[in-house]
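Coordinates as given in run_5.txt (compact mmCIF, C-alpha atoms):
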```txt
# COMPACT_ATOMS: atom_id res chain seq x y z
CA MET A 1 17.46 44.94 30.11
CA HIS A 2 16.87 42.70 27.08
CA SER A 3 15.27 44.10 23.96
CA SER A 4 12.06 42.76 22.39
CA LEU A 5 14.08 41.03 19.66
CA ASN A 6 16.22 39.19 22.22
CA ARG A 7 13.12 38.08 24.12
CA ALA A 8 11.48 36.86 20.89
CA GLN A 9 14.61 34.88 19.99
CA ALA A 10 14.71 33.32 23.46
CA VAL A 11 11.04 32.32 23.26
CA PHE A 12 11.51 30.87 19.76
CA GLY A 13 14.61 28.94 20.84
CA PHE A 14 12.79 27.52 23.84
CA PHE A 15 9.82 26.56 21.63
CA THR A 16 11.99 24.73 19.09
CA THR A 17 13.81 22.88 21.88
CA VAL A 18 10.55 21.72 23.43
CA ALA A 19 9.20 20.74 20.00
CA CYS A 20 12.30 18.63 19.25
CA VAL A 21 12.08 16.90 22.62
CA VAL A 22 8.37 16.14 22.18
CA ALA A 23 9.01 14.83 18.64
CA ALA A 24 11.81 12.55 19.90
CA VAL A 25 9.58 11.20 22.69
CA ALA A 26 6.76 10.61 20.19
CA ALA A 27 9.09 8.73 17.83
CA LEU A 28 10.52 6.56 20.63
CA SER A 29 7.09 5.82 22.09
CA THR A 30 6.24 3.67 19.05
CA LEU A 31 8.70 1.07 20.35
CA LEU A 32 6.19 0.29 23.09
CA PHE A 33 3.64 -0.99 20.55
CA PRO A 34 4.35 -4.66 19.66
CA THR A 35 3.91 -5.74 16.03
CA THR A 36 4.48 -9.49 16.39
CA ALA A 37 0.82 -10.21 15.59
CA THR A 38 1.19 -8.79 12.08
CA THR A 39 0.50 -11.46 9.43
CA ALA A 40 0.50 -11.40 5.64
CA SER A 41 0.35 -14.09 2.97
CA VAL A 42 -0.12 -14.09 -0.79
CA GLN A 43 -0.85 -16.90 -3.25
CA LEU A 44 -0.83 -17.05 -7.02
CA LYS A 45 -4.22 -17.19 -8.72
CA ASN A 46 -3.31 -17.00 -12.40
CA VAL A 47 -0.36 -15.95 -14.57
CA GLN A 48 -0.05 -15.34 -18.30
CA VAL A 49 2.80 -14.18 -20.52
CA ALA A 50 2.04 -12.18 -23.65
CA LYS A 51 4.04 -10.17 -26.17
CA GLY A 52 3.25 -6.59 -27.03
CA ARG A 53 3.75 -3.10 -25.64
CA PRO A 54 3.71 -3.40 -21.83
CA HIS A 55 3.13 0.34 -21.49
CA TYR A 56 1.72 3.00 -23.75
CA TYR A 57 5.11 4.71 -23.82
CA SER A 58 7.04 1.54 -24.76
CA SER A 59 9.04 1.96 -27.95
CA LYS A 60 9.13 -1.73 -28.87
CA ARG A 61 7.27 -4.97 -28.33
CA SER A 62 8.46 -7.25 -25.54
CA GLU A 63 7.22 -10.06 -23.35
CA TYR A 64 5.35 -9.17 -20.17
CA ALA A 65 3.54 -11.12 -17.46
CA GLN A 66 0.05 -10.52 -16.11
CA ILE A 67 -0.61 -11.91 -12.62
CA ARG A 68 -3.67 -12.38 -10.44
CA PHE A 69 -3.26 -13.23 -6.76
CA ASP A 70 -5.06 -13.80 -3.45
CA LEU A 71 -3.98 -11.66 -0.50
CA ASP A 72 -4.71 -12.14 3.20
CA ALA A 73 -3.17 -9.64 5.61
CA ASP A 74 -3.82 -8.34 9.11
CA LEU A 75 -1.73 -5.19 9.54
CA THR A 76 -3.72 -3.60 12.37
CA PRO A 77 -0.81 -3.86 14.88
CA LEU A 78 1.13 -1.42 12.69
CA PHE A 79 -1.34 1.38 13.43
CA ASN A 80 -0.71 3.42 16.55
CA TRP A 81 -1.21 7.04 17.52
CA ASN A 82 1.96 8.06 15.61
CA THR A 83 1.06 6.27 12.34
CA LYS A 84 0.08 8.57 9.49
CA GLN A 85 -0.40 6.00 6.74
CA LEU A 86 0.73 2.57 5.61
CA PHE A 87 2.12 1.78 2.16
CA VAL A 88 1.47 -1.88 1.26
CA TYR A 89 2.83 -3.57 -1.85
CA VAL A 90 3.07 -7.01 -3.45
CA TYR A 91 6.22 -7.83 -5.38
CA ALA A 92 7.43 -10.76 -7.47
CA SER A 93 10.91 -12.28 -7.32
CA TYR A 94 12.09 -14.29 -10.33
CA SER A 95 15.27 -15.58 -11.93
CA SER A 96 17.17 -13.01 -13.97
CA SER A 97 18.04 -15.61 -16.60
CA ASN A 98 16.69 -18.86 -17.98
CA ASP A 99 20.08 -20.42 -17.35
CA GLN A 100 19.90 -22.48 -14.15
CA ASN A 101 23.65 -22.04 -13.60
CA SER A 102 23.50 -18.27 -13.83
CA LEU A 103 25.08 -16.35 -10.95
CA LEU A 104 22.96 -13.25 -11.45
CA PRO A 105 20.82 -12.19 -8.44
CA ASP A 106 17.08 -12.58 -8.66
CA SER A 107 15.05 -9.72 -10.08
CA GLU A 108 12.20 -8.09 -8.18
CA ALA A 109 9.23 -6.13 -9.49
CA VAL A 110 6.29 -4.51 -7.68
CA ILE A 111 2.99 -5.64 -9.20
CA TRP A 112 0.44 -4.05 -6.83
CA ASP A 113 0.34 -1.40 -4.11
CA THR A 114 -2.07 0.62 -2.00
CA ILE A 115 -2.03 3.29 0.70
CA ILE A 116 -4.03 2.77 3.90
CA SER A 117 -4.58 5.97 5.86
CA ALA A 118 -4.81 5.91 9.64
CA PRO A 119 -8.25 6.57 11.15
CA ALA A 120 -8.93 10.16 12.11
CA SER A 121 -8.15 11.07 15.70
CA PRO A 122 -11.03 12.45 17.82
CA TYR A 123 -8.83 15.52 18.34
CA SER A 124 -8.10 16.07 14.66
CA TRP A 125 -9.14 19.29 12.92
CA ASP A 126 -11.94 17.63 10.92
CA LYS A 127 -13.45 15.98 14.01
CA LEU A 128 -13.28 19.17 16.07
CA LYS A 129 -14.81 21.12 13.17
CA GLU A 130 -17.73 18.68 12.93
CA GLN A 131 -18.33 18.88 16.68
CA ALA A 132 -18.25 22.67 16.59
CA LEU A 133 -20.70 22.83 13.67
CA ASP A 134 -23.06 20.38 15.36
CA ALA A 135 -23.06 22.51 18.50
CA LEU A 136 -24.11 25.68 16.62
CA PRO A 137 -27.80 26.52 16.31
CA ALA A 138 -29.45 26.16 12.93
CA PRO A 139 -29.76 29.91 12.11
CA VAL A 140 -26.09 30.54 12.82
CA LEU A 141 -25.07 27.44 10.86
CA ALA A 142 -27.19 28.56 7.90
CA LYS A 143 -25.35 31.89 7.79
CA ILE A 144 -21.92 30.24 7.98
CA SER A 145 -22.59 27.44 5.49
CA PRO A 146 -26.03 27.55 3.82
CA GLY A 147 -25.38 24.36 1.86
CA SER A 148 -24.71 22.33 5.00
CA VAL A 149 -28.24 22.80 6.39
CA LYS A 150 -30.56 20.23 4.89
CA SER A 151 -34.30 20.30 4.96
CA SER A 152 -35.94 17.75 7.21
CA LYS A 153 -38.56 17.19 4.53
CA ARG A 154 -36.01 15.76 2.10
CA THR A 155 -34.54 13.22 4.50
CA SER A 156 -36.66 10.81 6.43
CA SER A 157 -35.84 9.69 9.95
CA LYS A 158 -35.20 6.08 8.83
CA ALA A 159 -32.68 7.12 6.22
CA SER A 160 -30.81 9.29 8.70
CA LYS A 161 -30.64 6.43 11.21
CA LYS A 162 -29.26 4.05 8.60
CA ALA A 163 -26.66 6.57 7.47
CA LYS A 164 -25.61 7.17 11.06
CA ALA A 165 -25.31 3.43 11.72
CA LYS A 166 -23.14 2.96 8.63
CA ALA A 167 -20.91 5.86 9.68
CA ASP A 168 -20.49 4.39 13.17
CA VAL A 169 -19.55 0.99 11.76
CA LYS A 170 -17.06 2.61 9.37
CA GLU A 171 -15.43 4.56 12.20
CA GLU A 172 -15.15 1.52 14.46
CA ALA A 173 -13.61 -0.67 11.76
CA LEU A 174 -9.86 -1.02 12.20
CA PRO A 175 -7.72 -0.37 9.12
CA GLY A 176 -5.10 -2.77 7.85
CA VAL A 177 -7.22 -5.88 7.17
CA LEU A 178 -6.93 -6.96 3.52
CA ARG A 179 -8.89 -9.84 1.97
CA LEU A 180 -8.43 -9.88 -1.79
CA ARG A 181 -9.46 -12.69 -4.14
CA GLY A 182 -8.40 -12.84 -7.76
CA GLN A 183 -6.85 -9.37 -7.53
CA LYS A 184 -5.43 -8.15 -10.83
CA ALA A 185 -1.94 -6.68 -10.68
CA LYS A 186 -1.68 -2.94 -11.23
CA TYR A 187 1.71 -3.20 -12.89
CA GLN A 188 2.88 -5.70 -15.50
CA ILE A 189 6.22 -7.43 -15.20
CA SER A 190 8.68 -6.89 -18.01
CA ASP A 191 12.39 -7.52 -18.37
CA ILE A 192 15.19 -5.44 -19.83
CA THR A 193 16.05 -8.29 -22.20
CA GLY A 194 12.51 -8.35 -23.59
CA VAL A 195 12.24 -12.10 -22.87
CA LEU A 196 10.29 -13.29 -19.83
CA ALA A 197 8.61 -16.57 -20.76
CA GLU A 198 9.62 -19.76 -18.94
CA ARG A 199 11.50 -17.94 -16.19
CA GLN A 200 11.78 -20.21 -13.16
CA ASN A 201 11.52 -19.95 -9.41
CA VAL A 202 9.00 -17.10 -9.28
CA THR A 203 7.55 -16.18 -5.87
CA LEU A 204 5.19 -13.49 -4.59
CA ALA A 205 5.63 -11.66 -1.29
CA VAL A 206 4.03 -8.81 0.66
CA GLY A 207 5.90 -5.77 1.93
CA TRP A 208 4.96 -2.56 3.68
CA ASN A 209 6.32 0.78 4.81
CA VAL A 210 5.02 2.46 7.97
CA GLN A 211 5.02 6.24 7.54
CA PRO A 212 4.71 7.99 10.94
CA TRP A 213 3.75 11.55 11.74
CA VAL A 214 7.21 12.03 13.22
CA GLY A 215 10.19 9.70 13.32
CA ALA A 216 11.87 7.18 11.07
CA LEU A 217 10.26 4.96 8.45
CA TRP A 218 9.73 1.30 9.36
CA TRP A 219 9.76 -1.51 6.79
CA SER A 220 8.48 -5.07 6.62
CA PRO A 221 10.53 -8.10 7.71
CA GLY A 222 12.94 -9.34 5.05
CA SER A 223 13.07 -6.00 3.23
CA GLY A 224 16.73 -5.44 4.08
CA ALA A 225 16.12 -2.06 5.72
CA ALA A 226 17.76 -1.12 9.00
CA LEU A 227 14.44 -0.49 10.79
CA ARG A 228 12.05 -3.41 10.36
CA THR A 229 8.79 -4.27 12.07
CA GLU A 230 8.13 -7.77 13.38
CA GLY A 231 5.51 -10.17 12.10
CA THR A 232 4.91 -13.19 9.90
CA VAL A 233 5.19 -12.77 6.12
CA LEU A 234 4.56 -15.89 4.05
CA ARG A 235 5.77 -16.09 0.48
CA SER A 236 3.79 -17.86 -2.18
CA GLU A 237 4.75 -21.26 -3.51
CA ALA A 238 7.36 -21.12 -6.26
CA PHE A 239 6.06 -21.26 -9.83
CA ASP A 240 7.37 -20.70 -13.37
CA PHE A 241 6.26 -18.20 -15.95
CA PRO A 242 4.40 -20.08 -18.70
CA ALA A 243 5.49 -20.22 -22.31
CA LEU A 244 4.51 -17.39 -24.61
CA LYS A 245 1.07 -17.69 -26.15
CA GLY A 246 1.25 -19.39 -29.56
CA LYS A 247 4.83 -20.57 -29.10
CA LYS A 248 3.93 -24.23 -28.75
CA VAL A 249 1.58 -24.06 -31.72
CA GLU A 250 4.28 -22.53 -33.92
CA SER A 251 6.87 -25.14 -32.87
CA GLN A 252 4.45 -27.99 -33.63
CA SER A 253 3.65 -26.60 -37.06
CA GLN A 254 7.34 -26.21 -37.86
CA SER A 255 8.09 -29.79 -36.80
CA GLN A 256 5.24 -31.09 -38.97
CA SER A 257 6.48 -29.16 -42.00
CA GLU A 258 10.03 -30.47 -41.52
CA SER A 259 8.80 -34.06 -41.27
CA VAL A 260 6.86 -33.68 -44.53
```

Could you render the structure as structure tokens?
Amino acid sequence: MHSSLNRAQAVFGFFTTVACVVAAVAALSTLLFPTTATTASVQLKNVQVAKGRPHYYSSKRSEYAQIRFDLDADLTPLFNWNTKQLFVYVYASYSSSNDQNSLLPDSEAVIWDTIISAPASPYSWDKLKEQALDALPAPVLAKISPGSVKSSKRTSSKASKKAKAKADVKEEALPGVLRLRGQKAKYQISDITGVLAERQNVTLAVGWNVQPWVGALWWSPGSGAALRTEGTVLRSEAFDFPALKGKKVESQSQSQSESV
């Protein structure tokens, strides 16, 4: 006859085995969702190079670039029932040196990012809680949460209908669609050398990281990771960082003084 402790250990072992199997099936089931329709493109809107303190904690003045860009992305195929959230970022690739014959690899810097959460499941805790509260009668609801019961005199029927319509539209909207125009970069680009002006062959690209509820992380195409989603990612046209503000004016004034 087994003791209570042995029975509890057997039940716990069986539970963990079933949980691991269910988690593995959930992680592998995401392979059934195609992501070939994923598209993303970014284009440069404006770029400026200035000299100062790129960050409040910078100990010295250096050159840094400020970028504005246009972003068009449809990342809805990346959302499935196992997707928790999506981390999207825009990064810039540029030459590590002004020397065209340099053998150094290109530098990369993230200039903008955002987190897109997956829509709430109808079986999530928040949804079930709302359904349970709506099913309770008003007196019981007032005892549980007095602040949640609103007077009908304060809210008109038209306002409630409009609010409900907006909530329905928000719930039906699929996440992952980004349309940004003239977006300012969150992070400025700086270099360890302190010199960034007139760097050549600069391009912008979009990347993402799919963070599931269970399973491995998936990255965007071209990221170099082992697990990559499919899709079309278009880089921006190559451009050069402009000269530092006031540099041309100073060079002209020096040439004029030398000629005199």

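Considering the residues A:Ser107, A:Ser58, A:Thr193, A:Ser220 and counting all atoms listed in the file, Thr35 in chain A has its shortest atom-to-atom contact with A:Ser220.
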
Near-Tyr64 in chain A list (6 Å; only C-alpha atoms; drop same-chain fewer than 3 positions) as a PyMOL selection string: chain A and resi 49-50+189-190

Gly176 in chain A environment, 7 Å, all atoms listed in the file, sequence neighbours closer than 6 positions dropped, as a PyMOL selection string: chain A and resi 74-76+116

Contacts of Leu217 in chain A at 10 Å (all atoms listed in the file; same-chain gap of 5+ positions) as a PyMOL selection string: chain A and resi 209-212+225-228

Would you export the selected residues with C-alpha atoms as an mmCIF file, in the frame of the given file, please?
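File written: part.cif
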```cif
data_model
loop_
_atom_site.group_PDB
_atom_site.id
_atom_site.type_symbol
_atom_site.label_atom_id
_atom_site.label_comp_id
_atom_site.auth_asym_id
_atom_site.auth_seq_id
_atom_site.Cartn_x
_atom_site.Cartn_y
_atom_site.Cartn_z
ATOM 1 C CA ASN A 209 6.320 0.780 4.810
ATOM 2 C CA VAL A 210 5.020 2.460 7.970
ATOM 3 C CA GLN A 211 5.020 6.240 7.540
ATOM 4 C CA PRO A 212 4.710 7.990 10.940
ATOM 5 C CA ALA A 225 16.120 -2.060 5.720
ATOM 6 C CA ALA A 226 17.760 -1.120 9.000
ATOM 7 C CA LEU A 227 14.440 -0.490 10.790
ATOM 8 C CA ARG A 228 12.050 -3.410 10.360
#
```

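The space separating CA of Ala216 in chain A from CA of Tyr89 in chain A comes to 19.1 Å.
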
Please provide the set of residues having any atom within 8 Å of Asn82 in chain A, restricted to only C-alpha atoms, with same-chain residues fewer than 4 positions apart removed, written as a compact mmCIF listing (two decimals) with C-alpha atoms, in the coordinates of the input.
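Contents of out.txt, freshly written:
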```txt
# COMPACT_ATOMS: atom_id res chain seq x y z
CA ALA A 26 6.76 10.61 20.19
CA ALA A 27 9.09 8.73 17.83
CA THR A 30 6.24 3.67 19.05
CA PRO A 212 4.71 7.99 10.94
CA TRP A 213 3.75 11.55 11.74
CA VAL A 214 7.21 12.03 13.22
```

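Each of A:Ser93, A:Ala132, A:Glu230, A:Lys60 was checked against Thr36 in chain A using only C-alpha atoms; the smallest atom-to-atom distance is that of A:Glu230.
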
Interatomic distance, CA of Trp112 in chain A to CA of Tyr91 in chain A (Å, one decimal): 7.1 Å

Please complete range 24-35 of chain A with all heavy atoms and give it back as a short mmCIF file (atom, residue, chain, number, x, y, z; two decimals), in the frame of the given file.
```cif
data_model
loop_
_atom_site.label_atom_id
_atom_site.label_comp_id
_atom_site.auth_asym_id
_atom_site.auth_seq_id
_atom_site.Cartn_x
_atom_site.Cartn_y
_atom_site.Cartn_z
N ALA A 24 10.97 13.72 19.60
CA ALA A 24 11.81 12.55 19.90
C ALA A 24 11.07 11.56 20.80
O ALA A 24 11.13 10.35 20.59
CB ALA A 24 13.11 13.00 20.55
N VAL A 25 10.35 12.08 21.80
CA VAL A 25 9.58 11.20 22.69
C VAL A 25 8.47 10.50 21.91
O VAL A 25 8.20 9.30 22.11
CB VAL A 25 9.00 12.00 23.87
CG1 VAL A 25 8.05 11.14 24.69
CG2 VAL A 25 10.12 12.53 24.74
N ALA A 26 7.82 11.22 21.00
CA ALA A 26 6.76 10.61 20.19
C ALA A 26 7.31 9.52 19.29
O ALA A 26 6.67 8.46 19.11
CB ALA A 26 6.07 11.68 19.36
N ALA A 27 8.49 9.75 18.71
CA ALA A 27 9.09 8.73 17.83
C ALA A 27 9.51 7.50 18.63
O ALA A 27 9.32 6.36 18.18
CB ALA A 27 10.28 9.31 17.10
N LEU A 28 10.07 7.69 19.82
CA LEU A 28 10.52 6.56 20.63
C LEU A 28 9.36 5.81 21.27
O LEU A 28 9.49 4.63 21.60
CB LEU A 28 11.49 7.04 21.72
CG LEU A 28 12.82 7.61 21.22
CD1 LEU A 28 13.63 8.14 22.39
CD2 LEU A 28 13.61 6.55 20.46
N SER A 29 8.23 6.48 21.45
CA SER A 29 7.09 5.82 22.09
C SER A 29 6.51 4.70 21.23
O SER A 29 5.84 3.81 21.75
CB SER A 29 6.00 6.84 22.41
OG SER A 29 5.47 7.39 21.21
N THR A 30 6.76 4.73 19.92
CA THR A 30 6.24 3.67 19.05
C THR A 30 6.90 2.32 19.34
O THR A 30 6.37 1.29 18.94
CB THR A 30 6.45 4.05 17.58
OG1 THR A 30 7.86 4.27 17.34
CG2 THR A 30 5.69 5.31 17.23
N LEU A 31 8.05 2.33 20.00
CA LEU A 31 8.70 1.07 20.35
C LEU A 31 7.92 0.29 21.38
O LEU A 31 8.15 -0.91 21.57
CB LEU A 31 10.11 1.35 20.86
CG LEU A 31 11.07 2.05 19.89
CD1 LEU A 31 12.39 2.34 20.57
CD2 LEU A 31 11.29 1.20 18.64
N LEU A 32 7.00 0.95 22.07
CA LEU A 32 6.19 0.29 23.09
C LEU A 32 5.02 -0.48 22.50
O LEU A 32 4.35 -1.23 23.21
CB LEU A 32 5.66 1.32 24.10
CG LEU A 32 6.74 2.15 24.82
CD1 LEU A 32 6.08 3.18 25.72
CD2 LEU A 32 7.67 1.24 25.62
N PHE A 33 4.75 -0.30 21.20
CA PHE A 33 3.64 -0.99 20.55
C PHE A 33 4.16 -2.24 19.84
O PHE A 33 4.89 -2.13 18.85
CB PHE A 33 2.95 -0.07 19.54
CG PHE A 33 2.24 1.10 20.15
CD1 PHE A 33 2.91 2.29 20.38
CD2 PHE A 33 0.92 1.01 20.52
CE1 PHE A 33 2.28 3.37 20.94
CE2 PHE A 33 0.26 2.08 21.10
CZ PHE A 33 0.94 3.26 21.31
N PRO A 34 3.84 -3.44 20.31
CA PRO A 34 4.35 -4.66 19.66
C PRO A 34 3.68 -4.89 18.31
O PRO A 34 2.50 -4.57 18.12
CB PRO A 34 3.99 -5.76 20.65
CG PRO A 34 2.80 -5.23 21.39
CD PRO A 34 3.00 -3.74 21.48
N THR A 35 4.43 -5.45 17.37
CA THR A 35 3.91 -5.74 16.03
C THR A 35 4.07 -7.22 15.66
O THR A 35 4.02 -7.57 14.49
CB THR A 35 4.65 -4.89 14.98
OG1 THR A 35 6.05 -5.18 15.04
CG2 THR A 35 4.44 -3.40 15.25
#
```
